[in-house]
Every structure is written in C-alpha cells, then in structure tokens.
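Student: Just one file: target21.pdb, with PDB, C-alpha atoms.
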```pdb
ATOM      1  CA  MET A   1       0.000   0.000   0.000
ATOM      2  CA  SER A   2       1.462   3.369  -1.065
ATOM      3  CA  THR A   3       2.023   6.058   1.567
ATOM      4  CA  GLU A   4       3.027   8.824  -0.871
ATOM      5  CA  THR A   5       1.185  12.116  -0.653
ATOM      6  CA  PRO A   6      -0.428  13.197  -3.918
ATOM      7  CA  ALA A   7       1.384  16.087  -5.582
ATOM      8  CA  ASP A   8      -1.727  18.214  -5.617
ATOM      9  CA  ALA A   9      -2.630  17.597  -1.997
ATOM     10  CA  GLU A  10      -3.236  20.693   0.141
ATOM     11  CA  PRO A  11      -0.442  21.388   2.685
ATOM     12  CA  SER A  12      -1.451  20.683   6.214
ATOM     13  CA  GLU A  13      -2.063  23.702   8.428
ATOM     14  CA  GLU A  14      -1.682  21.540  11.494
ATOM     15  CA  PRO A  15       1.753  21.676  13.165
ATOM     16  CA  ASN A  16       3.552  18.632  14.485
ATOM     17  CA  ASP A  17       2.338  19.232  18.015
ATOM     18  CA  GLY A  18      -1.225  18.722  16.895
ATOM     19  CA  THR A  19      -2.321  22.338  17.462
ATOM     20  CA  ALA A  20      -4.438  23.574  14.570
ATOM     21  CA  VAL A  21      -3.559  26.913  12.907
ATOM     22  CA  SER A  22      -6.511  28.762  11.498
ATOM     23  CA  PRO A  23      -6.418  30.201   7.976
ATOM     24  CA  GLU A  24      -7.023  33.627   9.529
ATOM     25  CA  ALA A  25      -3.844  33.350  11.611
ATOM     26  CA  VAL A  26      -1.846  32.302   8.560
ATOM     27  CA  ALA A  27      -3.236  35.235   6.576
ATOM     28  CA  GLU A  28      -2.447  37.657   9.409
ATOM     29  CA  LEU A  29       1.117  36.372   9.651
ATOM     30  CA  GLN A  30       1.583  36.688   5.900
ATOM     31  CA  ALA A  31       0.255  40.252   6.003
ATOM     32  CA  ARG A  32       2.756  41.156   8.719
ATOM     33  CA  ILE A  33       5.582  39.643   6.669
ATOM     34  CA  ASP A  34       4.470  41.642   3.631
ATOM     35  CA  ASP A  35       4.414  44.855   5.698
ATOM     36  CA  LEU A  36       7.915  44.210   7.026
ATOM     37  CA  GLU A  37       9.236  43.529   3.536
ATOM     38  CA  THR A  38       7.672  46.777   2.310
ATOM     39  CA  GLU A  39       9.209  48.755   5.188
ATOM     40  CA  LEU A  40      12.601  47.188   4.512
ATOM     41  CA  ALA A  41      12.390  48.062   0.818
ATOM     42  CA  ASP A  42      11.450  51.660   1.693
ATOM     43  CA  LEU A  43      14.374  51.961   4.098
ATOM     44  CA  ARG A  44      16.784  50.638   1.482
ATOM     45  CA  ALA A  45      15.452  53.059  -1.128
ATOM     46  CA  GLU A  46      15.673  55.966   1.320
ATOM     47  CA  ARG A  47      19.246  55.074   2.220
ATOM     48  CA  GLU A  48      20.251  54.893  -1.429
ATOM     49  CA  ALA A  49      18.581  58.238  -2.150
ATOM     50  CA  ASP A  50      20.083  59.917   0.921
ATOM     51  CA  SER A  51      23.576  60.594  -0.430
ATOM     52  CA  ASP A  52      26.328  62.306   1.526
ATOM     53  CA  LYS A  53      26.109  66.084   1.432
ATOM     54  CA  MET A  54      28.785  68.785   1.343
ATOM     55  CA  VAL A  55      28.338  72.548   1.602
ATOM     56  CA  ILE A  56      31.054  75.067   0.727
ATOM     57  CA  ILE A  57      30.844  78.770   1.539
ATOM     58  CA  ALA A  58      32.903  80.762  -0.993
ATOM     59  CA  THR A  59      33.697  84.306   0.139
ATOM     60  CA  LYS A  60      36.762  85.280  -1.898
ATOM     61  CA  GLY A  61      36.884  86.284  -5.538
ATOM     62  CA  THR A  62      40.557  86.271  -6.459
ATOM     63  CA  LEU A  63      41.957  83.972  -9.120
ATOM     64  CA  ASP A  64      43.759  81.702  -6.677
ATOM     65  CA  MET A  65      40.767  81.439  -4.332
ATOM     66  CA  ALA A  66      38.317  80.554  -7.101
ATOM     67  CA  TYR A  67      39.921  77.159  -7.624
ATOM     68  CA  PRO A  68      39.540  75.474  -4.197
ATOM     69  CA  PRO A  69      35.714  75.583  -3.981
ATOM     70  CA  LEU A  70      35.216  74.607  -7.622
ATOM     71  CA  ILE A  71      37.721  71.750  -7.580
ATOM     72  CA  LEU A  72      36.421  70.405  -4.271
ATOM     73  CA  ALA A  73      32.808  70.705  -5.423
ATOM     74  CA  SER A  74      33.262  68.976  -8.773
ATOM     75  CA  THR A  75      35.406  66.241  -7.219
ATOM     76  CA  ALA A  76      32.897  65.570  -4.441
ATOM     77  CA  ALA A  77      30.086  65.423  -6.999
ATOM     78  CA  ALA A  78      32.071  62.839  -8.960
ATOM     79  CA  PHE A  79      32.195  60.736  -5.782
ATOM     80  CA  GLY A  80      28.424  60.896  -5.441
ATOM     81  CA  TYR A  81      28.107  63.760  -2.978
ATOM     82  CA  ASP A  82      25.215  66.182  -3.066
ATOM     83  CA  VAL A  83      27.154  69.464  -3.235
ATOM     84  CA  THR A  84      26.120  73.071  -2.666
ATOM     85  CA  VAL A  85      28.474  76.048  -3.012
ATOM     86  CA  PHE A  86      27.099  79.265  -1.522
ATOM     87  CA  HIS A  87      28.874  82.316  -2.988
ATOM     88  CA  THR A  88      28.705  85.513  -1.003
ATOM     89  CA  PHE A  89      30.428  88.911  -1.142
ATOM     90  CA  TRP A  90      33.518  88.749  -3.390
ATOM     91  CA  GLY A  91      32.915  85.050  -3.923
ATOM     92  CA  LEU A  92      30.082  86.076  -6.249
ATOM     93  CA  ASP A  93      32.643  86.936  -8.918
ATOM     94  CA  ILE A  94      33.416  83.229  -9.297
ATOM     95  CA  VAL A  95      29.958  82.583 -10.750
ATOM     96  CA  HIS A  96      29.577  86.005 -12.399
ATOM     97  CA  GLU A  97      29.905  85.125 -16.076
ATOM     98  CA  GLU A  98      31.870  88.227 -17.047
ATOM     99  CA  ASN A  99      33.896  88.828 -13.885
ATOM    100  CA  SER A 100      34.986  85.200 -13.581
ATOM    101  CA  LYS A 101      37.013  85.584 -16.769
ATOM    102  CA  ASN A 102      38.972  88.513 -15.327
ATOM    103  CA  LEU A 103      39.770  87.455 -11.777
ATOM    104  CA  LYS A 104      42.995  88.901 -10.424
ATOM    105  CA  LEU A 105      45.719  87.531  -8.185
ATOM    106  CA  SER A 106      46.604  89.864  -5.333
ATOM    107  CA  SER A 107      50.296  90.386  -4.654
ATOM    108  CA  VAL A 108      49.972  92.291  -1.384
ATOM    109  CA  GLY A 109      49.708  90.130   1.715
ATOM    110  CA  ASN A 110      50.001  86.938  -0.293
ATOM    111  CA  PRO A 111      52.464  84.631   1.497
ATOM    112  CA  ASN A 112      53.086  82.729  -1.726
ATOM    113  CA  MET A 113      54.394  85.789  -3.531
ATOM    114  CA  PRO A 114      58.212  85.880  -3.281
ATOM    115  CA  VAL A 115      58.301  89.686  -3.097
ATOM    116  CA  PRO A 116      58.020  92.104  -0.160
ATOM    117  CA  ASN A 117      54.723  93.916   0.297
ATOM    118  CA  ALA A 118      56.440  97.219  -0.469
ATOM    119  CA  ILE A 119      57.209  95.950  -3.961
ATOM    120  CA  ALA A 120      53.941  94.033  -4.322
ATOM    121  CA  ALA A 121      52.060  97.285  -3.727
ATOM    122  CA  LEU A 122      53.650  98.980  -6.733
ATOM    123  CA  PRO A 123      51.301  99.823  -9.618
ATOM    124  CA  GLY A 124      50.950  96.991 -12.096
ATOM    125  CA  MET A 125      52.170  94.223  -9.786
ATOM    126  CA  ASP A 126      48.756  92.565  -9.544
ATOM    127  CA  ARG A 127      48.507  92.506 -13.329
ATOM    128  CA  MET A 128      51.950  90.972 -13.598
ATOM    129  CA  THR A 129      51.349  88.264 -10.994
ATOM    130  CA  THR A 130      47.949  87.493 -12.514
ATOM    131  CA  ARG A 131      49.553  87.113 -15.934
ATOM    132  CA  MET A 132      52.191  84.810 -14.461
ATOM    133  CA  MET A 133      49.543  82.692 -12.745
ATOM    134  CA  ARG A 134      47.439  82.398 -15.878
ATOM    135  CA  GLY A 135      50.562  81.362 -17.763
ATOM    136  CA  LYS A 136      51.190  78.564 -15.262
ATOM    137  CA  ILE A 137      47.564  77.459 -15.480
ATOM    138  CA  GLU A 138      47.771  77.231 -19.248
ATOM    139  CA  ALA A 139      51.206  75.586 -19.278
ATOM    140  CA  ASN A 140      50.021  72.851 -16.916
ATOM    141  CA  ASP A 141      46.735  72.231 -18.750
ATOM    142  CA  VAL A 142      44.707  73.237 -15.697
ATOM    143  CA  ALA A 143      41.067  74.032 -16.373
ATOM    144  CA  THR A 144      40.044  77.672 -16.355
ATOM    145  CA  VAL A 145      37.594  79.042 -13.816
ATOM    146  CA  GLU A 146      34.933  79.180 -16.514
ATOM    147  CA  GLU A 147      35.509  75.524 -17.390
ATOM    148  CA  LEU A 148      35.349  74.484 -13.740
ATOM    149  CA  VAL A 149      32.099  76.389 -13.240
ATOM    150  CA  ARG A 150      30.524  74.611 -16.198
ATOM    151  CA  THR A 151      31.928  71.249 -15.090
ATOM    152  CA  SER A 152      30.479  71.755 -11.622
ATOM    153  CA  LEU A 153      27.069  72.677 -13.002
ATOM    154  CA  ASP A 154      27.112  69.726 -15.398
ATOM    155  CA  SER A 155      27.990  67.464 -12.447
ATOM    156  CA  GLY A 156      24.902  68.562 -10.560
ATOM    157  CA  VAL A 157      26.611  70.935  -8.132
ATOM    158  CA  ASP A 158      24.223  73.604  -6.861
ATOM    159  CA  LEU A 159      26.151  76.850  -7.315
ATOM    160  CA  GLN A 160      24.293  79.505  -5.346
ATOM    161  CA  ALA A 161      24.635  83.290  -5.408
ATOM    162  CA  CYS A 162      23.714  85.211  -2.263
ATOM    163  CA  GLN A 163      20.813  87.505  -3.121
ATOM    164  CA  MET A 164      21.740  90.112  -0.517
ATOM    165  CA  THR A 165      25.212  90.437  -2.033
ATOM    166  CA  ILE A 166      23.768  90.576  -5.551
ATOM    167  CA  ASP A 167      21.694  93.575  -4.483
ATOM    168  CA  LEU A 168      24.565  95.116  -2.509
ATOM    169  CA  LEU A 169      27.014  94.994  -5.411
ATOM    170  CA  GLY A 170      24.434  96.067  -7.962
ATOM    171  CA  TYR A 171      24.556  92.855  -9.956
ATOM    172  CA  ASP A 172      21.671  91.431 -11.939
ATOM    173  CA  GLU A 173      20.532  87.820 -11.822
ATOM    174  CA  ASP A 174      21.198  87.574 -15.558
ATOM    175  CA  ASP A 175      24.887  88.347 -14.928
ATOM    176  CA  PHE A 176      25.508  84.832 -13.659
ATOM    177  CA  TYR A 177      26.106  81.578 -15.489
ATOM    178  CA  ASP A 178      23.033  79.685 -16.603
ATOM    179  CA  GLY A 179      22.212  77.190 -13.884
ATOM    180  CA  VAL A 180      23.441  79.300 -10.969
ATOM    181  CA  THR A 181      20.803  79.514  -8.238
ATOM    182  CA  THR A 182      19.830  83.036  -7.182
ATOM    183  CA  GLY A 183      17.299  84.313  -4.674
ATOM    184  CA  VAL A 184      18.901  82.488  -1.751
ATOM    185  CA  GLY A 185      20.362  83.949   1.414
ATOM    186  CA  ALA A 186      22.039  83.179   4.707
ATOM    187  CA  ALA A 187      19.024  81.299   6.072
ATOM    188  CA  SER A 188      19.120  78.886   3.141
ATOM    189  CA  ALA A 189      22.868  78.439   3.528
ATOM    190  CA  PHE A 190      22.492  77.773   7.244
ATOM    191  CA  GLN A 191      19.829  75.132   6.641
ATOM    192  CA  GLU A 192      22.000  73.488   3.993
ATOM    193  CA  MET A 193      24.929  73.394   6.419
ATOM    194  CA  GLN A 194      22.777  71.861   9.153
ATOM    195  CA  GLU A 195      21.940  68.965   6.856
ATOM    196  CA  ALA A 196      25.457  68.548   5.451
ATOM    197  CA  ASP A 197      28.028  65.944   6.410
ATOM    198  CA  ILE A 198      30.884  68.280   5.429
ATOM    199  CA  GLN A 199      30.946  72.081   5.752
ATOM    200  CA  LEU A 200      33.805  74.176   4.394
ATOM    201  CA  LEU A 201      34.480  77.915   4.476
ATOM    202  CA  VAL A 202      36.788  79.107   1.700
TER     203      VAL A 202
END
```
Could you express the structure from this file as structure tokens?
Tutor:
Amino acid sequence: MSTETPADAEPSEEPNDGTAVSPEAVAELQARIDDLETELADLRAEREADSDKMVIIATKGTLDMAYPPLILASTAAAFGYDVTVFHTFWGLDIVHEENSKNLKLSSVGNPNMPVPNAIAALPGMDRMTTRMMRGKIEANDVATVEELVRTSLDSGVDLQACQMTIDLLGYDEDDFYDGVTTGVGAASAFQEMQEADIQLLV
C-alpha cells in the first residue's frame, strides 16, 4: 500500500504538536511579513537616495581662491556627494559670467608671492602676478575658472549666489552663469549646512 502524498494535496495547516492553525492566523502572519518587507524596501530606497552632502561657503573672488571651492565641489560630486556652493560677497565673482574671466591675483599680503609687500604694492604688480599665474595654469593644462564652473554645473553641483550680495554689489541675476541659483540667502545656507556631512568655508 502506497504512503506517498499526492502532488496536488493541500499542505497541512496543522503543526507537528497537533495544534491547529486557522487560515485567519496564517493570513495575518503573511500580512505582517508583507508589511515588514515593504518597510525594509522603503528603508533601502531611502538610504540609497540619501547621499552624503557637502556645503562650501565661498567668500573670496581672487583667481587663486576661485579654484579650491570649484575643484572640491566637482570632485565631491564625482564621488556621489550632493554638493552646494554658496557664494557671497567677493565670492560672487566666481559665478559672475563676465567677472569670472577677469579674476585677479593679489600680490599684497600673499604669502606665496616671493616679493616684499612694499614691492607688491607697486602699480601693475597685480597685473603681472595674474599674468604669471594664468601662464602657469595654461602651461600645466589646468582648467580655467569658466571651465570648472561649467563642469560643476554639469555634475549637478548647486552653485548659489547670495541675493543680498547681488543687491549690494548692484549685480543682476542675468549676470551669472546659466544654472546658478539666485534668490537664496544666509538662512538657506544655514539650513543646507545643518543637513550637510561636510561644511567648508573658503
């Protein structure tokens, strides 16, 4: 006599200890499992969407000080960071489409300039040191400020221009590169910094 269970037989809902499990209990347990799986999937999706965040405050608008925020921002974006650069006061010139092409390198008070301040203050010294710096940039195939701005924007970096400083310096919103965020202020920058994993002041 065969003791094999037919292939299409219904699985027993009765455990080995003989205690019967009602279909309602099985359905309730399955519903709880489904809810937990949904919550787990949501948490995984939220974690993937919640990328690391970096905020840079750019306050200086000289040629040498335009590079650090732009290089850091574009590099961080390449590593998957959500990056915001808030430009205020002279830092606005970095994202000002016209002014960014004519940034100067200051000779006076610059510890990297191998000349005394008395000589650095002479007329024409800033033009000379700026020309020397631009020559080094070109000779070493370093990207220009304009190229770095566009690279940052293309990489998804949020380049912001402080609205108060725009008004103070008499700039117009159309003076900035396409893609630069205007209409933001210190409150927005502060909130961004609160949420950021890395905050830098340049």
Student: List the residues selected by the PyMOL selection byres ((chain A and resi 76) around 12) in the file shown, writing them as a list in words.
Tutor: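 This file gives the following for the PyMOL selection byres ((chain A and resi 76) around 12): Ser51, Asp52, Lys53, Met54, Val55, Ile56, Pro68, Pro69, Leu70, Ile71, Leu72, Ala73, Ser74, Thr75, Ala77, Ala78, Phe79, Gly80, Tyr81, Asp82, Val83, Thr84, Val85, Ser152, Ser155, Gly156, Val157, Asp197 and Ile198 of chain A.
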Student: Which one is closest to Ile137 of chain A: A:Phe89, A:Tyr177, A:Tyr67, A:Phe190? Count all atoms listed in the file.
Tutor: A:Tyr67
Student: Using Å and a single decimal, report how far atom CA of Arg127 of chain A sits from atom CA of Asp175 of chain A.
Tutor: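 Atom CA of Asp175 of chain A sits 24.0 Å away from atom CA of Arg127 of chain A.
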Student: In terms of the shortest atom-to-atom distance over all atoms listed in the file, which of A:Val95, A:Ala196, A:Ala31, A:Leu168 is closest to Arg150 of chain A?
Tutor: A:Val95
Student: At a cut-off of 8 Å, using only C-alpha atoms, what residues contact Gly185 of chain A? Leave out same-chain residues fewer than 5 positions from it and give the result as a list in words.
Tutor: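 Once the nearby chain positions are removed, what remains is Cys162, Gln163 and Met164 of chain A.
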Student: As a PyMOL selection string, please: the residues near Ser106 of chain A (cut-off 8 Å, all atoms listed in the file, same-chain neighbours under 6 positions excluded).
Tutor: chain A and resi 62+126+129-130
Student: List every protein, DNA or RNA residue that has an atom no more than 9 Å from (41.9, 84.6, -13.5) in the file's coordinate frame, counting only C-alpha atoms, and report them as a list in words.
Tutor: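 It turns out the residues near that spot are Thr62, Leu63, Asp64, Ala66, Ser100, Lys101, Asn102, Leu103, Lys104, Leu105, Thr130, Arg131, Met133, Arg134, Thr144 and Val145 of chain A.
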Student: Have a look at atom CA of Glu138 of chain A and atom CA of Asp154 of chain A and let me know their distance in Å, one decimal.
Tutor: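 Interatomic distance here is 22.3 Å.
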Student: If you apply the PyMOL selection byres ((chain A and resi 180-184) around 8) to this file, what residues do you get, as a PDB file with C-alpha atoms, keeping the file's coordinate frame?
Tutor:
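out-v2.pdb, written as the output of this step:
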```pdb
ATOM      1  CA  VAL A  95      29.958  82.583 -10.750  1.00  0.00           C
ATOM      2  CA  LEU A 153      27.069  72.677 -13.002  1.00  0.00           C
ATOM      3  CA  ASP A 158      24.223  73.604  -6.861  1.00  0.00           C
ATOM      4  CA  LEU A 159      26.151  76.850  -7.315  1.00  0.00           C
ATOM      5  CA  GLN A 160      24.293  79.505  -5.346  1.00  0.00           C
ATOM      6  CA  ALA A 161      24.635  83.290  -5.408  1.00  0.00           C
ATOM      7  CA  CYS A 162      23.714  85.211  -2.263  1.00  0.00           C
ATOM      8  CA  GLN A 163      20.813  87.505  -3.121  1.00  0.00           C
ATOM      9  CA  GLU A 173      20.532  87.820 -11.822  1.00  0.00           C
ATOM     10  CA  PHE A 176      25.508  84.832 -13.659  1.00  0.00           C
ATOM     11  CA  TYR A 177      26.106  81.578 -15.489  1.00  0.00           C
ATOM     12  CA  ASP A 178      23.033  79.685 -16.603  1.00  0.00           C
ATOM     13  CA  GLY A 179      22.212  77.190 -13.884  1.00  0.00           C
ATOM     14  CA  GLY A 185      20.362  83.949   1.414  1.00  0.00           C
ATOM     15  CA  ALA A 186      22.039  83.179   4.707  1.00  0.00           C
ATOM     16  CA  ALA A 187      19.024  81.299   6.072  1.00  0.00           C
ATOM     17  CA  SER A 188      19.120  78.886   3.141  1.00  0.00           C
ATOM     18  CA  ALA A 189      22.868  78.439   3.528  1.00  0.00           C
TER      19      ALA A 189
END
```
